[in-house]
$ cat query27.txt   # compact mmCIF, C-alpha atoms
# COMPACT_ATOMS: atom_id res chain seq x y z
CA MET R 1 131.27 102.63 111.55
CA ASN R 2 129.01 99.67 110.75
CA ILE R 3 125.42 100.63 109.91
CA ILE R 4 122.47 98.31 109.32
CA ILE R 5 119.51 99.42 107.22
CA ILE R 6 116.37 97.29 107.36
CA GLY R 7 114.16 98.02 104.37
CA CYS R 8 115.47 98.77 100.89
CA GLY R 9 112.63 100.86 99.53
CA LYS R 10 112.97 104.48 98.38
CA THR R 11 114.10 105.72 101.81
CA GLY R 12 116.34 102.82 102.75
CA SER R 13 118.11 102.65 99.39
CA ARG R 14 118.77 106.40 99.26
CA LEU R 15 120.13 106.34 102.79
CA ALA R 16 122.29 103.31 102.01
CA ASN R 17 123.71 104.92 98.87
CA ALA R 18 124.50 108.15 100.69
CA LEU R 19 126.23 106.44 103.62
CA ASP R 20 128.15 104.05 101.34
CA GLU R 21 129.34 107.01 99.27
CA ARG R 22 130.76 108.59 102.43
CA GLY R 23 132.74 105.46 103.30
CA TYR R 24 130.56 103.82 105.97
CA ASP R 25 130.26 100.03 106.17
CA VAL R 26 126.61 99.48 105.24
CA SER R 27 124.47 96.35 105.27
CA VAL R 28 120.95 96.37 103.83
CA ILE R 29 118.21 93.83 104.60
CA ASP R 30 114.97 93.33 102.68
CA ASN R 31 112.65 90.38 102.12
CA ASP R 32 112.19 91.35 98.47
CA GLU R 33 115.36 90.83 96.41
CA THR R 34 114.11 93.07 93.60
CA ARG R 35 114.32 96.09 95.91
CA PHE R 36 118.10 95.92 95.88
CA SER R 37 117.89 97.28 92.33
CA TRP R 38 117.30 100.69 93.96
CA LEU R 39 120.88 100.62 95.22
CA SER R 40 123.54 102.41 93.22
CA ASP R 41 125.66 100.44 90.76
CA ASP R 42 128.62 101.59 92.87
CA PHE R 43 127.15 100.34 96.16
CA SER R 44 129.84 98.32 97.93
CA GLY R 45 127.91 97.25 101.03
CA LEU R 46 126.30 93.95 101.96
CA GLU R 47 122.87 92.97 100.60
CA VAL R 48 120.94 90.39 102.64
CA CYS R 49 117.60 89.02 101.41
CA GLY R 50 115.35 87.47 104.05
CA ASP R 51 112.71 87.99 106.70
CA GLU R 52 113.63 91.22 108.48
CA THR R 53 112.29 89.87 111.79
CA ASP R 54 114.39 86.68 111.68
CA ILE R 55 117.31 86.74 114.14
CA ASP R 56 119.53 84.65 111.85
CA VAL R 57 118.93 87.05 108.96
CA LEU R 58 119.84 89.98 111.19
CA ARG R 59 122.94 88.16 112.40
CA ASN R 60 124.03 87.35 108.83
CA ALA R 61 123.84 91.07 108.04
CA GLY R 62 126.31 91.82 110.83
CA CYS R 63 124.02 93.06 113.60
CA ASP R 64 126.37 91.55 116.21
CA ASN R 65 128.98 94.15 115.25
CA ALA R 66 126.75 97.04 114.20
CA ASN R 67 127.09 100.54 115.68
CA MET R 68 123.76 101.89 114.44
CA ALA R 69 120.60 100.71 112.69
CA PHE R 70 117.78 102.34 110.74
CA VAL R 71 114.54 100.36 110.43
CA VAL R 72 112.57 101.77 107.51
CA THR R 73 110.29 99.09 106.07
CA GLY R 74 106.82 100.17 104.98
CA LYS R 75 105.11 98.46 107.94
CA ASP R 76 105.04 100.04 111.40
CA ASN R 77 104.53 96.70 113.18
CA VAL R 78 107.53 95.15 111.44
CA ASN R 79 109.68 98.18 112.26
CA VAL R 80 108.79 97.96 115.95
CA MET R 81 109.47 94.21 116.11
CA VAL R 82 112.84 94.59 114.42
CA ALA R 83 113.84 97.55 116.60
CA GLN R 84 113.01 95.63 119.76
CA THR R 85 114.97 92.61 118.53
CA LEU R 86 118.01 94.74 117.75
CA LYS R 87 117.92 96.29 121.21
CA VAL R 88 117.16 93.13 123.22
CA GLU R 89 118.92 90.36 121.29
CA PHE R 90 121.91 92.30 119.96
CA GLY R 91 122.24 95.03 122.61
CA LEU R 92 122.23 97.73 119.94
CA GLU R 93 121.36 101.11 121.46
CA GLU R 94 121.49 103.34 118.38
CA VAL R 95 118.31 102.12 116.68
CA TYR R 96 116.02 104.46 114.77
CA LEU R 97 112.73 103.32 113.31
CA ARG R 98 110.31 104.92 110.90
CA VAL R 99 106.70 105.19 112.07
CA LEU R 100 104.16 106.23 109.46
CA ASP R 101 101.22 106.58 111.89
CA PRO R 102 101.71 109.69 114.10
CA SER R 103 99.17 108.41 116.64
CA ARG R 104 101.42 105.45 117.43
CA GLU R 105 104.67 107.39 117.65
CA ALA R 106 104.15 108.57 121.24
CA VAL R 107 103.32 105.02 122.37
CA PHE R 108 106.48 103.60 120.85
CA ARG R 109 108.58 106.34 122.41
CA LYS R 110 107.28 105.39 125.84
CA PHE R 111 108.96 102.03 125.31
CA GLY R 112 112.26 103.80 124.73
CA LEU R 113 112.22 103.50 120.94
CA ARG R 114 113.71 106.28 118.82
CA THR R 115 111.14 107.10 116.20
CA ILE R 116 111.12 109.13 113.01
CA CYS R 117 107.68 110.01 111.69
CA PRO R 118 107.78 111.32 108.09
CA THR R 119 104.02 111.97 108.21
CA ARG R 120 104.44 114.39 111.10
CA LEU R 121 107.53 115.92 109.54
CA GLU R 122 105.72 116.57 106.27
CA SER R 123 102.65 118.03 107.97
CA ASP R 124 104.79 120.35 110.11
CA ILE R 125 106.55 121.73 107.05
CA LEU R 126 103.31 122.16 105.13
CA PHE R 127 101.82 123.97 108.15
CA ASN R 128 104.81 126.32 108.23
CA LEU R 129 104.41 127.01 104.52
CA ALA R 130 100.69 127.69 104.94
CA THR R 131 101.09 130.08 107.87
CA SER R 132 104.26 131.86 106.79
CA GLU R 133 104.31 135.01 104.69
CA SER R 134 107.32 133.61 102.84
CA ASP R 135 107.59 130.35 100.93
CA GLU R 136 111.09 129.83 102.36
CA ILE R 137 111.67 127.72 105.48
CA ASP R 138 115.07 127.94 107.14
CA SER R 139 114.57 125.14 109.66
CA ILE R 140 112.17 123.33 111.95
CA SER R 141 112.79 121.62 115.28
CA ILE R 142 112.04 117.92 115.68
CA GLY R 143 112.62 116.24 119.02
CA GLY R 144 115.25 118.79 119.97
CA ASN R 145 117.07 118.43 116.66
CA SER R 146 117.08 120.99 113.88
CA VAL R 147 116.27 120.11 110.27
CA ASN R 148 117.43 122.77 107.82
CA PHE R 149 115.99 123.34 104.37
CA VAL R 150 117.59 124.76 101.24
CA MET R 151 115.62 125.64 98.13
CA ARG R 152 117.17 126.00 94.68
CA LYS R 153 116.09 125.93 91.06
CA ALA R 154 116.21 122.56 89.30
CA GLU R 155 119.36 122.11 87.23
CA LYS R 156 119.27 121.09 83.58
CA ARG R 157 120.50 117.58 84.34
CA GLU R 158 117.64 117.06 86.82
CA ILE R 159 114.78 118.09 84.50
CA GLY R 160 112.61 115.16 83.43
CA ARG R 161 113.78 112.88 86.23
CA LEU R 162 111.59 111.39 88.96
CA VAL R 163 112.19 112.59 92.51
CA TYR R 164 113.60 109.27 93.75
CA GLU R 165 116.28 109.43 91.04
CA ILE R 166 117.91 112.47 92.69
CA PRO R 167 120.59 111.09 95.02
CA ALA R 168 121.46 112.48 98.42
CA HIS R 169 124.65 114.55 98.28
CA ASP R 170 126.71 116.47 100.84
CA ASN R 171 124.27 115.46 103.62
CA LYS R 172 121.36 116.96 101.66
CA MET R 173 118.34 114.84 100.66
CA LEU R 174 115.59 115.98 98.31
CA PHE R 175 112.44 116.54 100.36
CA ALA R 176 109.97 118.22 98.02
CA VAL R 177 109.50 119.94 94.66
CA LYS R 178 107.73 123.27 94.30
CA LYS R 179 106.09 123.28 90.87
CA LYS R 180 106.64 126.39 88.77
CA ASN R 181 103.28 126.35 86.99
CA THR R 182 100.98 125.80 89.99
CA GLY R 183 103.09 126.72 93.03
CA GLU R 184 102.12 123.33 94.47
CA LEU R 185 104.55 121.67 96.88
CA VAL R 186 104.95 117.99 95.92
CA LEU R 187 106.50 115.79 98.58
CA CYS R 188 109.08 113.18 97.60
CA SER R 189 106.91 110.47 99.16
CA ASN R 190 105.03 110.74 95.85
CA GLU R 191 107.38 108.48 93.92
CA LEU R 192 105.79 109.32 90.56
CA ALA R 193 106.49 113.04 90.87
CA SER R 194 108.75 114.40 88.14
CA ILE R 195 110.88 117.51 87.88
CA ASP R 196 110.04 120.09 85.23
CA GLU R 197 111.94 123.11 83.96
CA GLY R 198 111.63 126.01 86.38
CA ASP R 199 110.69 123.87 89.38
CA MET R 200 112.28 124.62 92.75
CA LEU R 201 113.86 121.75 94.70
CA VAL R 202 113.68 121.67 98.50
CA PHE R 203 116.53 119.79 100.19
CA ALA R 204 116.57 118.76 103.85
CA THR R 205 119.73 118.61 105.96
CA ILE R 206 119.92 117.27 109.52

$ encode --input "query27.txt" --output "structure tokens"
Amino acid sequence: MNIIIIGCGKTGSRLANALDERGYDVSVIDNDETRFSWLSDDFSGLEVCGDETDIDVLRNAGCDNANMAFVVTGKDNVNVMVAQTLKVEFGLEEVYLRVLDPSREAVFRKFGLRTICPTRLESDILFNLATSESDEIDSISIGGNSVNFVMRKAEKREIGRLVYEIPAHDNKMLFAVKKKNTGELVLCSNELASIDEGDMLVFATI
């Protein structure tokens, strides 16, 4: 399966590394060449530097033959433009885009776009933690799909590392860290968060 990932930030690079590790043909596009440094040293996919909204850049990344695309730049407007281009110009149906502003998600969905809103996802999980008698969450439902969560104690090799340095493995991606000393839940969107001895790691699996 050929998969295109537009945006090689923390999310895009982790997704690319995980899919490449499982044997998928992955192409990554970003307008900032330095972001490709987030990719694993073992990454075997295609790296394309250029304007993510440019049709020629998308074509050079293999969008003509792609089966699926994930648009995860840090700008909602760019993500929408790219998603529309992939659907209209390349006829790609399996296009998923990240939307950071929950108020815009419903609007984009009305245009037939498949959106993923990490802001809403994070707030839903925090709400469940706040209103539950237990600090364990088995799963939540998002758009008819179930996201499962597994919590475990940080391993020795993970102590002292930043959250973005923990790779996805076996379809599990680090979502948050529950700090031992304060009980605070630190989301992985906080790229400067580190893992200390005794912390609990929360992994998400779709």

$ atom_distance --input "query27.txt" --atom1 "CA of Glu105 (chain R)" --atom2 "CA of Ser27 (chain R)"
25.8 Å

$ closest_residue --input "query27.txt" --among "R:Arg59, R:Lys156, R:Lys180, R:Arg109" --to "Tyr96 (chain R)" --atoms "all atoms listed in the file"
R:Arg109

$ axis_aligned_box --input "query27.txt" --around "region 22-27 of chain R" --padding-each-side "4 Å" --output "AutoDock Vina command-line options"
--center_x 128.6 --center_y 102.5 --center_z 104.3 --size_x 16.3 --size_y 20.2 --size_z 11.7

$ residues_near_point --input "query27.txt" --point "(119.1, 89.9, 121.3)" --cutoff "12 Å" --atoms "only C-alpha atoms" --output "list in words"
Thr53, Asp54, Ile55, Asp56, Leu58, Arg59, Cys63, Asp64, Met81, Val82, Ala83, Gln84, Thr85, Leu86, Lys87, Val88, Glu89, Phe90, Gly91, Leu92 and Glu93 of chain R

$ closest_residue --input "query27.txt" --among "R:Met1, R:Val99, R:Cys49, R:Leu39" --to "Thr119 (chain R)" --atoms "only C-alpha atoms"
R:Val99

$ closest_residue --input "query27.txt" --among "R:Val150, R:Thr115, R:Tyr164, R:Glu158" --to "Gly12 (chain R)" --atoms "all atoms listed in the file"
R:Tyr164

$ residues_around --input "query27.txt" --residues "Asp51 (chain R)" --least-positions-apart "3" --cutoff "8 Å" --atoms "only C-alpha atoms" --output "number ranges by chain"
R: 30-31, 54, 57

$ closest_residue --input "query27.txt" --among "R:Ala16, R:Leu126, R:Met173, R:Ala154" --to "Phe43 (chain R)" --atoms "only C-alpha atoms"
R:Ala16

$ atom_distance --input "query27.txt" --atom1 "CA of Ile159 (chain R)" --atom2 "CA of Thr205 (chain R)"
22.0 Å

$ atom_distance --input "query27.txt" --atom1 "CA of Lys172 (chain R)" --atom2 "CA of Asp196 (chain R)"
20.2 Å

$ residues_around --input "query27.txt" --residues "Asp199 (chain R)" --least-positions-apart "5" --cutoff "9 Å" --atoms "all atoms listed in the file" --output "compact mmCIF listing (two decimals) with C-alpha atoms, in the frame of the given file"
# COMPACT_ATOMS: atom_id res chain seq x y z
CA ARG R 152 117.17 126.00 94.68
CA LYS R 153 116.09 125.93 91.06
CA ALA R 154 116.21 122.56 89.30
CA ILE R 159 114.78 118.09 84.50
CA VAL R 177 109.50 119.94 94.66
CA LYS R 178 107.73 123.27 94.30
CA LYS R 179 106.09 123.28 90.87
CA LYS R 180 106.64 126.39 88.77
CA ASN R 181 103.28 126.35 86.99
CA GLY R 183 103.09 126.72 93.03

$ closest_residue --input "query27.txt" --among "R:Asn60, R:Asn65, R:Thr182, R:Thr73" --to "Arg35 (chain R)" --atoms "only C-alpha atoms"
R:Thr73

$ residues_around --input "query27.txt" --residues "Asp101 (chain R)" --least-positions-apart "5" --cutoff "12 Å" --atoms "all atoms listed in the file" --output "PDB file with C-alpha atoms, keeping the file's coordinate frame"
ATOM      1  CA  GLY R  74     106.820 100.170 104.980  1.00  0.00           C
ATOM      2  CA  LYS R  75     105.110  98.460 107.940  1.00  0.00           C
ATOM      3  CA  ASP R  76     105.040 100.040 111.400  1.00  0.00           C
ATOM      4  CA  ASN R  77     104.530  96.700 113.180  1.00  0.00           C
ATOM      5  CA  ASN R  79     109.680  98.180 112.260  1.00  0.00           C
ATOM      6  CA  ALA R 106     104.150 108.570 121.240  1.00  0.00           C
ATOM      7  CA  VAL R 107     103.320 105.020 122.370  1.00  0.00           C
ATOM      8  CA  PHE R 108     106.480 103.600 120.850  1.00  0.00           C
ATOM      9  CA  THR R 115     111.140 107.100 116.200  1.00  0.00           C
ATOM     10  CA  ILE R 116     111.120 109.130 113.010  1.00  0.00           C
ATOM     11  CA  CYS R 117     107.680 110.010 111.690  1.00  0.00           C
ATOM     12  CA  PRO R 118     107.780 111.320 108.090  1.00  0.00           C
ATOM     13  CA  THR R 119     104.020 111.970 108.210  1.00  0.00           C
ATOM     14  CA  ARG R 120     104.440 114.390 111.100  1.00  0.00           C
ATOM     15  CA  LEU R 121     107.530 115.920 109.540  1.00  0.00           C
TER      16      LEU R 121
END

$ closest_residue --input "query27.txt" --among "R:Gly62, R:Gly9, R:Gly198, R:Pro102" --to "Asp32 (chain R)" --atoms "all atoms listed in the file"
R:Gly9

$ residues_around --input "query27.txt" --residues "Lys10 (chain R)" --least-positions-apart "3" --cutoff "8 Å" --atoms "only C-alpha atoms" --output "list in words"
Ser13, Arg14, Trp38 and Tyr164 of chain R
